[in-house]
Each structure stands twice: as C-alpha cells, then as structure tokens.
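Visitor: To be precise about what I am sending: the file is called protein-v3.cif and holds mmCIF, C-alpha atoms.
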data_work
loop_
_atom_site.label_atom_id
_atom_site.label_comp_id
_atom_site.auth_asym_id
_atom_site.auth_seq_id
_atom_site.Cartn_x
_atom_site.Cartn_y
_atom_site.Cartn_z
CA MET A 11 -14.86 -48.23 23.73
CA HIS A 12 -17.19 -47.58 26.68
CA VAL A 13 -20.57 -46.02 25.86
CA ALA A 14 -22.93 -44.84 28.58
CA VAL A 15 -26.56 -44.02 27.77
CA LEU A 16 -28.10 -41.46 30.11
CA GLY A 17 -31.85 -41.86 29.90
CA ALA A 18 -32.11 -45.41 28.60
CA GLY A 19 -35.79 -45.40 27.76
CA ALA A 20 -37.00 -46.73 24.43
CA LEU A 21 -34.66 -44.83 22.10
CA GLY A 22 -31.65 -44.80 24.42
CA THR A 23 -31.95 -48.52 25.04
CA LEU A 24 -32.20 -49.17 21.30
CA PHE A 25 -28.94 -47.31 20.68
CA GLY A 26 -27.10 -48.77 23.64
CA ALA A 27 -28.17 -52.35 23.02
CA SER A 28 -27.39 -52.07 19.30
CA LEU A 29 -23.91 -50.69 19.97
CA TRP A 30 -23.20 -53.57 22.34
CA ARG A 31 -24.62 -56.13 19.91
CA GLY A 32 -22.25 -54.86 17.23
CA GLY A 33 -19.32 -56.06 19.31
CA GLY A 34 -17.38 -52.82 19.29
CA ALA A 35 -18.43 -51.35 22.61
CA GLU A 36 -19.01 -51.97 26.27
CA VAL A 37 -22.28 -50.30 27.20
CA THR A 38 -23.80 -49.01 30.43
CA LEU A 39 -27.51 -48.25 30.33
CA LEU A 40 -28.54 -45.71 32.99
CA ALA A 41 -32.24 -46.36 33.43
CA ARG A 42 -34.86 -46.18 36.15
CA GLY A 43 -38.00 -47.76 37.46
CA ALA A 44 -39.56 -50.96 36.18
CA HIS A 45 -37.63 -50.75 32.91
CA ARG A 46 -34.28 -50.84 34.71
CA GLU A 47 -35.42 -53.64 37.02
CA ALA A 48 -36.64 -55.77 34.12
CA MET A 49 -33.42 -55.32 32.12
CA ALA A 50 -31.28 -56.10 35.15
CA ALA A 51 -33.27 -59.26 35.85
CA ARG A 52 -33.89 -60.65 32.36
CA GLY A 53 -31.65 -58.82 29.90
CA VAL A 54 -32.60 -56.29 27.24
CA GLY A 55 -35.50 -57.35 25.05
CA LEU A 56 -35.25 -56.05 21.50
CA ILE A 57 -37.94 -56.40 18.82
CA GLY A 58 -36.71 -55.64 15.31
CA GLY A 59 -38.62 -53.91 12.56
CA ASP A 60 -39.46 -57.35 11.14
CA GLY A 61 -40.95 -58.49 14.45
CA ALA A 62 -38.03 -60.77 15.35
CA ARG A 63 -37.35 -60.88 19.08
CA GLU A 64 -34.05 -61.28 20.86
CA VAL A 65 -32.73 -60.89 24.39
CA LEU A 66 -29.38 -59.21 24.82
CA GLN A 67 -27.29 -59.86 27.91
CA GLY A 68 -23.72 -60.74 28.71
CA PRO A 69 -20.32 -59.32 29.63
CA GLY A 70 -19.92 -55.66 28.80
CA LEU A 71 -23.65 -54.82 28.89
CA ARG A 72 -24.40 -53.27 32.26
CA ILE A 73 -27.57 -51.80 33.74
CA ALA A 74 -27.13 -48.94 36.23
CA ALA A 75 -29.46 -46.84 38.34
CA GLY A 76 -27.15 -43.88 38.84
CA PRO A 77 -23.64 -42.47 38.44
CA GLY A 78 -22.36 -44.32 41.52
CA GLU A 79 -22.77 -47.59 39.61
CA VAL A 80 -20.59 -46.47 36.68
CA ASP A 81 -17.06 -47.49 37.61
CA ARG A 82 -14.97 -46.57 34.57
CA PRO A 83 -14.29 -43.61 32.25
CA ILE A 84 -16.79 -43.04 29.46
CA ASP A 85 -15.66 -42.62 25.87
CA TYR A 86 -19.10 -41.65 24.55
CA LEU A 87 -22.02 -40.39 26.63
CA ILE A 88 -25.36 -40.52 24.80
CA VAL A 89 -28.13 -38.40 26.32
CA ALA A 90 -31.63 -39.59 25.45
CA VAL A 91 -33.89 -38.22 28.18
CA LYS A 92 -37.12 -36.32 27.63
CA GLY A 93 -36.77 -32.56 27.61
CA ARG A 94 -38.45 -32.18 30.99
CA ASP A 95 -35.79 -34.48 32.53
CA PHE A 96 -32.78 -32.69 31.04
CA ALA A 97 -31.85 -30.59 34.08
CA GLY A 98 -31.78 -33.66 36.31
CA ALA A 99 -29.83 -35.57 33.68
CA MET A 100 -27.16 -32.87 33.65
CA GLU A 101 -26.78 -33.21 37.43
CA THR A 102 -26.21 -36.92 36.86
CA ALA A 103 -23.76 -36.22 34.03
CA SER A 104 -21.66 -33.97 36.25
CA ALA A 105 -21.33 -36.85 38.76
CA LEU A 106 -20.23 -39.46 36.22
CA PRO A 107 -16.65 -40.66 35.74
CA PRO A 108 -14.62 -38.68 33.16
CA VAL A 109 -16.42 -38.33 29.81
CA GLY A 110 -14.44 -38.21 26.57
CA CYS A 111 -17.23 -36.86 24.40
CA ALA A 112 -21.00 -36.63 24.47
CA LEU A 113 -23.96 -36.26 22.15
CA THR A 114 -27.69 -35.85 22.53
CA LEU A 115 -30.43 -37.66 20.61
CA GLN A 116 -33.17 -35.40 21.98
CA ASN A 117 -35.70 -33.46 19.97
CA GLY A 118 -34.99 -29.74 19.84
CA ILE A 119 -32.14 -27.28 19.60
CA ARG A 120 -31.41 -26.28 23.19
CA PHE A 121 -29.97 -29.51 24.56
CA GLU A 122 -26.68 -29.57 22.67
CA ARG A 123 -25.88 -26.17 24.13
CA GLY A 124 -26.93 -27.34 27.59
CA LEU A 125 -24.67 -30.37 27.31
CA ALA A 126 -21.77 -28.13 26.31
CA ASP A 127 -22.40 -25.90 29.33
CA VAL A 128 -21.96 -28.88 31.67
CA LEU A 129 -19.20 -30.90 29.98
CA GLY A 130 -17.45 -28.24 27.91
CA ALA A 131 -17.99 -27.41 24.26
CA GLY A 132 -14.96 -29.42 23.13
CA ARG A 133 -16.49 -32.62 24.46
CA VAL A 134 -19.77 -32.35 22.55
CA ILE A 135 -20.31 -33.70 19.04
CA GLY A 136 -23.39 -33.03 16.90
CA ALA A 137 -25.98 -35.71 16.20
CA MET A 138 -29.38 -36.03 14.58
CA THR A 139 -31.48 -39.14 14.28
CA MET A 140 -34.98 -40.01 13.19
CA GLU A 141 -34.70 -43.56 14.53
CA GLY A 142 -37.90 -44.48 16.33
CA ALA A 143 -38.53 -46.86 19.21
CA GLU A 144 -41.25 -47.64 21.71
CA MET A 145 -41.44 -49.65 24.91
CA PRO A 146 -44.30 -52.20 24.75
CA GLU A 147 -43.39 -53.42 28.23
CA PRO A 148 -40.64 -52.73 30.78
CA GLY A 149 -37.34 -54.27 29.72
CA THR A 150 -38.31 -54.50 26.03
CA VAL A 151 -38.03 -51.98 23.20
CA ARG A 152 -39.39 -52.19 19.67
CA HIS A 153 -37.47 -50.69 16.75
CA MET A 154 -40.26 -48.82 14.97
CA LEU A 155 -38.69 -46.52 12.41
CA PRO A 156 -35.28 -47.45 10.94
CA ALA A 157 -33.47 -44.33 9.76
CA VAL A 158 -30.03 -42.80 9.30
CA THR A 159 -28.24 -41.14 12.21
CA TYR A 160 -26.08 -38.16 11.21
CA LEU A 161 -22.93 -37.34 13.17
CA GLY A 162 -20.38 -34.56 12.93
CA GLU A 163 -18.23 -32.11 14.82
CA ARG A 164 -20.10 -28.97 15.81
CA VAL A 165 -17.31 -26.90 14.28
CA GLY A 166 -14.89 -28.03 11.58
CA GLU A 167 -14.32 -31.27 9.74
CA ALA A 168 -15.18 -34.72 11.05
CA THR A 169 -12.64 -36.29 13.38
CA GLY A 170 -11.68 -39.80 14.34
CA ARG A 171 -13.97 -39.82 17.34
CA VAL A 172 -16.98 -39.13 15.12
CA ARG A 173 -15.99 -41.78 12.58
CA ARG A 174 -15.37 -44.40 15.28
CA LEU A 175 -18.85 -43.90 16.72
CA ALA A 176 -20.43 -44.07 13.25
CA GLU A 177 -18.61 -47.34 12.56
CA ALA A 178 -19.81 -48.79 15.87
CA MET A 179 -23.41 -47.83 15.07
CA GLU A 180 -23.17 -49.41 11.63
CA ALA A 181 -21.77 -52.61 13.15
CA GLY A 182 -24.77 -52.72 15.49
CA GLY A 183 -27.28 -52.36 12.66
CA LEU A 184 -27.97 -48.63 13.00
CA PRO A 185 -27.16 -46.80 9.75
CA ALA A 186 -24.92 -43.79 10.42
CA ARG A 187 -23.43 -41.10 8.21
CA VAL A 188 -20.67 -38.62 9.03
CA ILE A 189 -21.36 -35.11 7.71
CA GLU A 190 -19.70 -31.72 8.07
CA ASP A 191 -22.74 -29.47 8.45
CA VAL A 192 -24.40 -31.30 11.30
CA ALA A 193 -26.07 -28.08 12.53
CA ALA A 194 -28.13 -28.00 9.32
CA ALA A 195 -29.20 -31.60 9.94
CA VAL A 196 -30.24 -30.82 13.50
CA TRP A 197 -32.25 -27.79 12.36
CA THR A 198 -33.85 -29.68 9.46
CA LYS A 199 -35.14 -32.23 11.95
CA PHE A 200 -36.22 -29.43 14.30
CA VAL A 201 -38.34 -27.83 11.58
CA GLN A 202 -39.93 -31.14 10.61
CA SER A 203 -40.49 -32.18 14.23
CA CYS A 204 -42.24 -28.90 15.02
CA ALA A 205 -44.48 -29.29 11.98
CA ALA A 206 -45.28 -32.99 12.31
CA SER A 207 -45.72 -32.89 16.09
CA GLY A 208 -47.78 -29.73 15.78
CA VAL A 209 -50.17 -31.28 13.25
CA CYS A 210 -50.48 -34.49 15.28
CA GLY A 211 -50.92 -32.57 18.51
CA VAL A 212 -53.80 -30.37 17.41
CA THR A 213 -55.61 -33.01 15.33
CA ARG A 214 -54.94 -35.98 17.66
CA LEU A 215 -54.20 -38.00 14.51
CA GLY A 216 -51.10 -39.71 13.22
CA TYR A 217 -49.00 -37.77 10.72
CA ALA A 218 -50.17 -39.72 7.66
CA PRO A 219 -53.96 -39.63 8.22
CA ALA A 220 -53.79 -35.98 9.32
CA THR A 221 -51.80 -34.74 6.31
CA ALA A 222 -53.77 -36.87 3.88
CA THR A 223 -56.52 -34.28 4.32
CA ALA A 224 -56.46 -30.92 2.58
CA ALA A 225 -56.61 -29.03 5.88
CA GLY A 226 -53.90 -31.13 7.51
CA ALA A 227 -51.58 -30.79 4.52
CA ASP A 228 -52.11 -27.03 4.50
CA LEU A 229 -51.35 -26.81 8.21
CA TYR A 230 -48.15 -28.87 7.82
CA VAL A 231 -46.96 -26.70 4.93
CA ARG A 232 -47.59 -23.48 6.88
CA LEU A 233 -45.64 -24.80 9.85
CA VAL A 234 -42.74 -25.98 7.70
CA LEU A 235 -42.50 -22.70 5.78
CA GLU A 236 -42.50 -20.69 9.01
CA GLY A 237 -39.82 -22.96 10.47
CA LEU A 238 -37.69 -22.61 7.34
CA ALA A 239 -37.89 -18.82 7.62
CA VAL A 240 -36.45 -19.06 11.13
CA MET A 241 -33.81 -21.52 9.95
CA ARG A 242 -32.72 -19.10 7.23
CA ALA A 243 -32.48 -16.34 9.84
CA GLU A 244 -30.08 -18.66 11.71
CA GLY A 245 -27.95 -18.79 8.56
CA LEU A 246 -28.79 -22.42 7.72
CA ARG A 247 -30.46 -24.25 4.83
CA PRO A 248 -32.36 -27.56 5.00
CA GLY A 249 -30.70 -30.68 3.65
CA PRO A 250 -31.90 -34.04 2.26
CA TYR A 251 -31.83 -35.77 5.63
CA LEU A 252 -35.41 -36.90 6.16
CA GLY A 253 -37.51 -39.21 4.05
CA ASP A 254 -40.41 -40.61 6.08
CA ALA A 255 -42.53 -37.48 5.63
CA ALA A 256 -42.64 -34.59 3.18
CA SER A 257 -39.24 -33.13 4.05
CA PRO A 258 -38.64 -29.44 4.80
CA GLN A 259 -36.27 -29.30 1.84
CA ALA A 260 -38.95 -30.64 -0.54
CA VAL A 261 -41.67 -28.38 0.87
CA GLY A 262 -39.41 -25.35 0.63
CA ALA A 263 -38.45 -26.17 -2.97
CA ALA A 264 -42.08 -26.40 -4.17
CA ALA A 265 -43.35 -23.70 -6.53
CA GLY A 266 -45.83 -22.48 -3.91
CA PRO A 267 -48.00 -23.55 -0.98
CA ALA A 268 -50.53 -25.33 -3.20
CA GLU A 269 -47.86 -27.46 -4.88
CA ALA A 270 -46.27 -28.15 -1.50
CA ALA A 271 -49.61 -29.26 -0.03
CA ASP A 272 -50.17 -31.58 -2.99
CA LEU A 273 -46.74 -33.11 -2.33
CA VAL A 274 -47.63 -33.58 1.34
CA ARG A 275 -50.92 -35.31 0.51
CA ARG A 276 -49.30 -37.62 -2.04
CA THR A 277 -46.62 -38.53 0.49
CA ALA A 278 -49.29 -39.25 3.11
CA ALA A 279 -51.16 -41.50 0.70
CA ARG A 280 -48.01 -43.55 0.05
CA LEU A 281 -47.39 -43.88 3.78
CA ILE A 282 -50.95 -45.03 4.41
CA ASP A 283 -50.69 -47.59 1.59
CA ALA A 284 -47.53 -48.90 3.30
CA GLY A 285 -49.40 -49.24 6.59
CA TYR A 286 -47.57 -46.35 8.26
CA VAL A 287 -49.52 -44.02 10.56
CA GLY A 288 -46.70 -41.90 11.99
CA GLY A 289 -47.78 -41.09 15.51
CA THR A 290 -45.23 -38.75 17.06
CA SER A 291 -43.94 -38.98 20.62
CA LEU A 292 -45.80 -35.74 21.39
CA LEU A 293 -49.06 -37.35 20.28
CA ARG A 294 -48.36 -40.44 22.40
CA ASP A 295 -47.71 -38.21 25.41
CA LEU A 296 -50.99 -36.36 24.87
CA GLU A 297 -52.91 -39.63 24.56
CA ALA A 298 -51.32 -40.97 27.75
CA GLY A 299 -51.95 -37.77 29.71
CA ARG A 300 -48.25 -37.04 30.10
CA PRO A 301 -46.59 -33.62 29.73
CA THR A 302 -45.46 -33.06 26.14
CA GLU A 303 -42.31 -31.58 24.66
CA ALA A 304 -44.21 -28.69 23.09
CA GLU A 305 -42.06 -26.12 24.94
CA TYR A 306 -38.87 -27.67 23.53
CA LEU A 307 -40.27 -27.84 19.99
CA MET A 308 -42.84 -25.23 18.96
CA GLY A 309 -42.14 -23.10 22.02
CA ASP A 310 -38.43 -22.84 21.28
CA MET A 311 -39.19 -22.19 17.61
CA VAL A 312 -41.49 -19.30 18.53
CA ARG A 313 -38.93 -17.82 20.91
CA THR A 314 -36.11 -18.15 18.38
CA ALA A 315 -38.31 -16.51 15.74
CA ALA A 316 -39.01 -13.61 18.09
CA GLY A 317 -35.27 -13.09 18.51
CA HIS A 318 -34.93 -12.73 14.74
CA ARG A 319 -38.20 -10.78 14.37
CA VAL A 320 -39.53 -13.47 12.03
CA PRO A 321 -43.36 -13.81 12.15
CA VAL A 322 -44.58 -17.36 12.86
CA PRO A 323 -48.33 -16.98 13.56
CA THR A 324 -49.33 -20.56 12.77
CA MET A 325 -46.51 -21.99 14.88
CA ALA A 326 -47.47 -19.71 17.76
CA ALA A 327 -51.15 -20.75 17.60
CA VAL A 328 -50.28 -24.46 17.51
CA HIS A 329 -47.88 -24.00 20.43
CA LEU A 330 -50.59 -22.30 22.50
CA ALA A 331 -53.14 -25.01 21.69
CA ILE A 332 -50.87 -27.81 22.89
CA ALA A 333 -49.56 -25.78 25.82
CA ALA A 334 -53.16 -25.36 26.97
CA ALA A 335 -53.55 -29.15 27.10
CA ASP A 336 -50.31 -29.41 29.08
CA GLN A 337 -51.25 -26.66 31.52
CA SER A 338 -54.71 -28.12 32.11
CA ARG A 339 -53.02 -31.04 33.87
#
What do you get writing this file as structure tokens?
Guide:
Amino acid sequence: MHVAVLGAGALGTLFGASLWRGGGAEVTLLARGAHREAMAARGVGLIGGDGAREVLQGPGLRIAAGPGEVDRPIDYLIVAVKGRDFAGAMETASALPPVGCALTLQNGIRFERGLADVLGAGRVIGAMTMEGAEMPEPGTVRHMLPAVTYLGERVGEATGRVRRLAEAMEAGGLPARVIEDVAAAVWTKFVQSCAASGVCGVTRLGYAPATATAAGADLYVRLVLEGLAVMRAEGLRPGPYLGDAASPQAVGAAAGPAEAADLVRRTAARLIDAGYVGGTSLLRDLEAGRPTEAEYLMGDMVRTAAGHRVPVPTMAAVHLAIAAADQSR
C-alpha cells in the first residue's frame, strides 16, 4: 500500500507518519518549506498525547517537495492542505502518478466535491476526522486531540478499499471506524466546526472558556441550531460522532435553547477541569495574523443556507465579523 499525503503540515504529517509506523504502508509526505527540509534531514518528529517523543525515519517513508519526486502509483491520496491552498493542491494532484483513491481531511464541505472534479467521483471516498495536531517546530508534530476518524464510500456500502485504509490507521494508532452514512458525519463536523470556530473567532477565546460563560454558550447553541436547520434542508441528520464539545446531536435533542445552553456550559466546565482549552485552528490563525478558513466554514454555511432559503442570521453575523478581520490584512 502506497499512501501519499498532499499538504503534509501538522495533521497530514500525523496521519502519514502514523500509517507508516503501523507497518502496513509506504508513505510519501508532500511538504514544503522549513518543515520539509527538517523532515528530510532529521526524520519526522512525533510527540504523542502523553508527551513521549519519537523520530520516525527509514525505508518506505519518503519526503517530497512536488509531484516530480513521487515515482510510483498511489493507492491512497490524503489531502490535508488549508482551504486557501486547495486550488494549488489540485494542480499538484493532477500531475501525480496514477491515484487509486483519494480522501480529504479538510474542514468544510466543498473539498470532497473539488477532489472528485479533478480525480473523478469514483476515486473519492468520504472521510471525517476530529484528530488534532500542531507543529511546535519544523519537522515535528504534536498529537493534540486523539479522536476517531470515520471512513465510508460516498455512495453505497463500505468496500474493501475503505476497510483496508481503516485497518492501516488502526495499526498506526489512529482509531478509525467504517460507516455507511459518511455524508452525515462530514456534515455533523461541519456544523460543529462552524459553531466552535465561530465562537472562538469572535471572542478570541478557546472553546471551553468561551462556552463556559452564559453568553458564549448561548452563541454556540444559536450557531449549532442554525447549522442543523441547513443540514436538515440537505436531507441529513446529525450523528453521535463528536465528543470533545457539546455535539450538534446533543444540542439538537435538548428540550429548548435554555436546556441546550446549560448542557454546553456543563460540558465546558468538565473540559476546563480536565485542562482542555480547545483553541481551534481558526483562532490560531487569527492570533498569528494569518488568513482564516472562515469562508470555507461559516461562509459556505451561509451560502448553502441561502440556496435552501433557510435563515441563519447569527451565522451570517459571525461570518462577517471574522471576514472583516481577514479583509483588514
């Protein structure tokens, strides 16, 4: 099995290195800049959730700068670039050796369709993960948020190619589950990502301290409920896929907004007691002065809602607030 990771930043490197470590795959990490140079020179540094450090290097783990350095067919292409880099990544993908199937680990709902446009719908499988990683220094990634990755065919029952990838992830220490309704999993994450990133973006606080307040919990609930209304218009229902925050399924099942907000605050209190802050990647981008993924999260939610004529006033306001910060740069 040959796996290529296109956009081997923090999350992509975590997945690629873990798949190689499991022994079931040869892996090519397509990376750039100082991160690529450090991995090529010293191996891939990996810091586990327990703080244990290891360096991964050896036969079958290759570091590449571009498609010209990938010299063999690819069984699984994993796309893990930021939304703003997707167009360029698809140019790279079209220049790669033959790809058997591909999946995206990106936040949002547009990228799976974009991948299908380039490689063909039959080559794309569905995936959703809440795994979290950060890069404390070039060449090293820290596994921040262990979680389950959900895999499935976009249409129909799971196939052997989906099960083989799930088994390889499990062997590498990344929990994976094969499901049939992977679109519902992707949308459940989309709703939660819009809500959590929206709250963090406008408050400049981590998820837990923001939603521990009455105002923050109310804002999160409003965003989730609006996102669920759009999800229902898409013909989908949230599932029990997410557990690190008050999940869309739990918020939607509450007796009303007040009960949902109480659930959110109690969840935040437990997270704070466990030492978890929950800063989203959008918040980290804002703090670092980088462009955010607001257009691919709240922006896409607002546009999808407009197509269904579903009102999402809170989502629209949060999108504009964060877009203003992006545009000011």
Visitor: Show which residues sit within 7 Å of segment 259-272 of chain A, as a PDB file with C-alpha atoms, in the coordinates of the input. Count all atoms listed in the file, and ignore same-chain residues fewer than 3 positions away.
Guide:
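Result file follows (part.pdb):
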ATOM      1  CA  ALA A 227     -51.580 -30.790   4.520  1.00  0.00           C
ATOM      2  CA  ASP A 228     -52.110 -27.030   4.500  1.00  0.00           C
ATOM      3  CA  VAL A 231     -46.960 -26.700   4.930  1.00  0.00           C
ATOM      4  CA  LEU A 235     -42.500 -22.700   5.780  1.00  0.00           C
ATOM      5  CA  PRO A 248     -32.360 -27.560   5.000  1.00  0.00           C
ATOM      6  CA  GLY A 249     -30.700 -30.680   3.650  1.00  0.00           C
ATOM      7  CA  PRO A 250     -31.900 -34.040   2.260  1.00  0.00           C
ATOM      8  CA  ALA A 256     -42.640 -34.590   3.180  1.00  0.00           C
ATOM      9  CA  ARG A 275     -50.920 -35.310   0.510  1.00  0.00           C
ATOM     10  CA  ARG A 276     -49.300 -37.620  -2.040  1.00  0.00           C
TER      11      ARG A 276
END
Visitor: Nearest to Glu79 of chain A among A:Ile332, A:Leu125, A:Ala157, A:Ala41, with distances taken over only C-alpha atoms: which residue is it?
Guide: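 Closest candidate: A:Ala41.
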Visitor: Starting from the displayed file, determine the output of the PyMOL selection byres ((chain A and resi 247) around 12) and express the residue list as a PyMOL selection string.
Guide: chain A and resi 191-199+201+237-246+248-251+258-260+262-263
Visitor: Using all atoms listed in the file, which residues sit within 10 Å of Arg123 of chain A once same-chain residues fewer than 6 positions away are excluded, as a list in words?
Guide: Thr114, Gly130, Ala131 and Val134 of chain A
Visitor: Would you save the residues from that selection as a PDB file, keeping the file's coordinate frame, using C-alpha atoms?
Guide:
ATOM      1  CA  THR A 114     -27.690 -35.850  22.530  1.00  0.00           C
ATOM      2  CA  GLY A 130     -17.450 -28.240  27.910  1.00  0.00           C
ATOM      3  CA  ALA A 131     -17.990 -27.410  24.260  1.00  0.00           C
ATOM      4  CA  VAL A 134     -19.770 -32.350  22.550  1.00  0.00           C
TER       5      VAL A 134
END
Visitor: Quick check, in Å to one decimal: how far apart do atom CA of Tyr160 of chain A and atom CA of Gly226 of chain A lie?
Guide: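 Atom-to-atom, atom CA of Tyr160 of chain A to atom CA of Gly226 of chain A, that is 28.9 Å.
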Visitor: Give the answer as one residue: which of A:Met154, A:Met100, A:Leu330, A:Leu29 has the shortest atom-to-atom distance to Leu175 of chain A, using only C-alpha atoms?
Guide: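 Of all the options, A:Leu29 lies closest to Leu175 of chain A.
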Visitor: As a check of understanding, name the residues that the PyMOL selection byres ((chain A and resi 164) around 7) selects in the supplied structure, as a list of chain:residue names.
Guide: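 In the shown coordinates, the PyMOL selection byres ((chain A and resi 164) around 7) covers A:Ile135, A:Gly136, A:Gly162, A:Glu163, A:Val165, A:Gly166, A:Val192, A:Ala193.
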Visitor: Residues at most 7 Å from Thr139 of chain A, counting all atoms listed in the file, excluding those fewer than 3 positions away in the same chain, as a PDB file with C-alpha atoms, in the coordinates of the input?
Guide:
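Generated output (part.pdb):
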ATOM      1  CA  LEU A 115     -30.430 -37.660  20.610  1.00  0.00           C
ATOM      2  CA  VAL A 158     -30.030 -42.800   9.300  1.00  0.00           C
ATOM      3  CA  THR A 159     -28.240 -41.140  12.210  1.00  0.00           C
ATOM      4  CA  TYR A 160     -26.080 -38.160  11.210  1.00  0.00           C
TER       5      TYR A 160
END
Visitor: Restricting the calculation to all atoms listed in the file: of A:Ile73, A:Ala35, A:Val287, A:Leu252, which residue gets closest to Met138 of chain A?
Guide: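 Selected residue with least distance to Met138 of chain A: A:Leu252.
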Visitor: Nearest residue to Lys92 of chain A out of A:Gly118, A:Gly289, A:Gly208, A:Gly309, using all atoms listed in the file?
Guide: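 The closest residue to Lys92 of chain A is A:Gly118.
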Visitor: Could you tell me how far atom CA of Glu177 of chain A sits from atom CA of Thr23 of chain A, in Å to one decimal place?
Guide: 18.3 Å
Visitor: Would you list the residues near (-15.5, -38.8, 12.6), meaning any protein, DNA or RNA residue with an atom at most 10 Å from that point in file coordinates, counting all atoms listed in the file, as a list in words?
Guide: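 Here the neighbourhood of the point contains Ile135, Leu161, Gly162, Glu163, Glu167, Ala168, Thr169, Gly170, Arg171, Val172, Arg173, Arg174, Leu175, Ala176, Glu177, Arg187, Val188, Ile189 and Glu190 of chain A.
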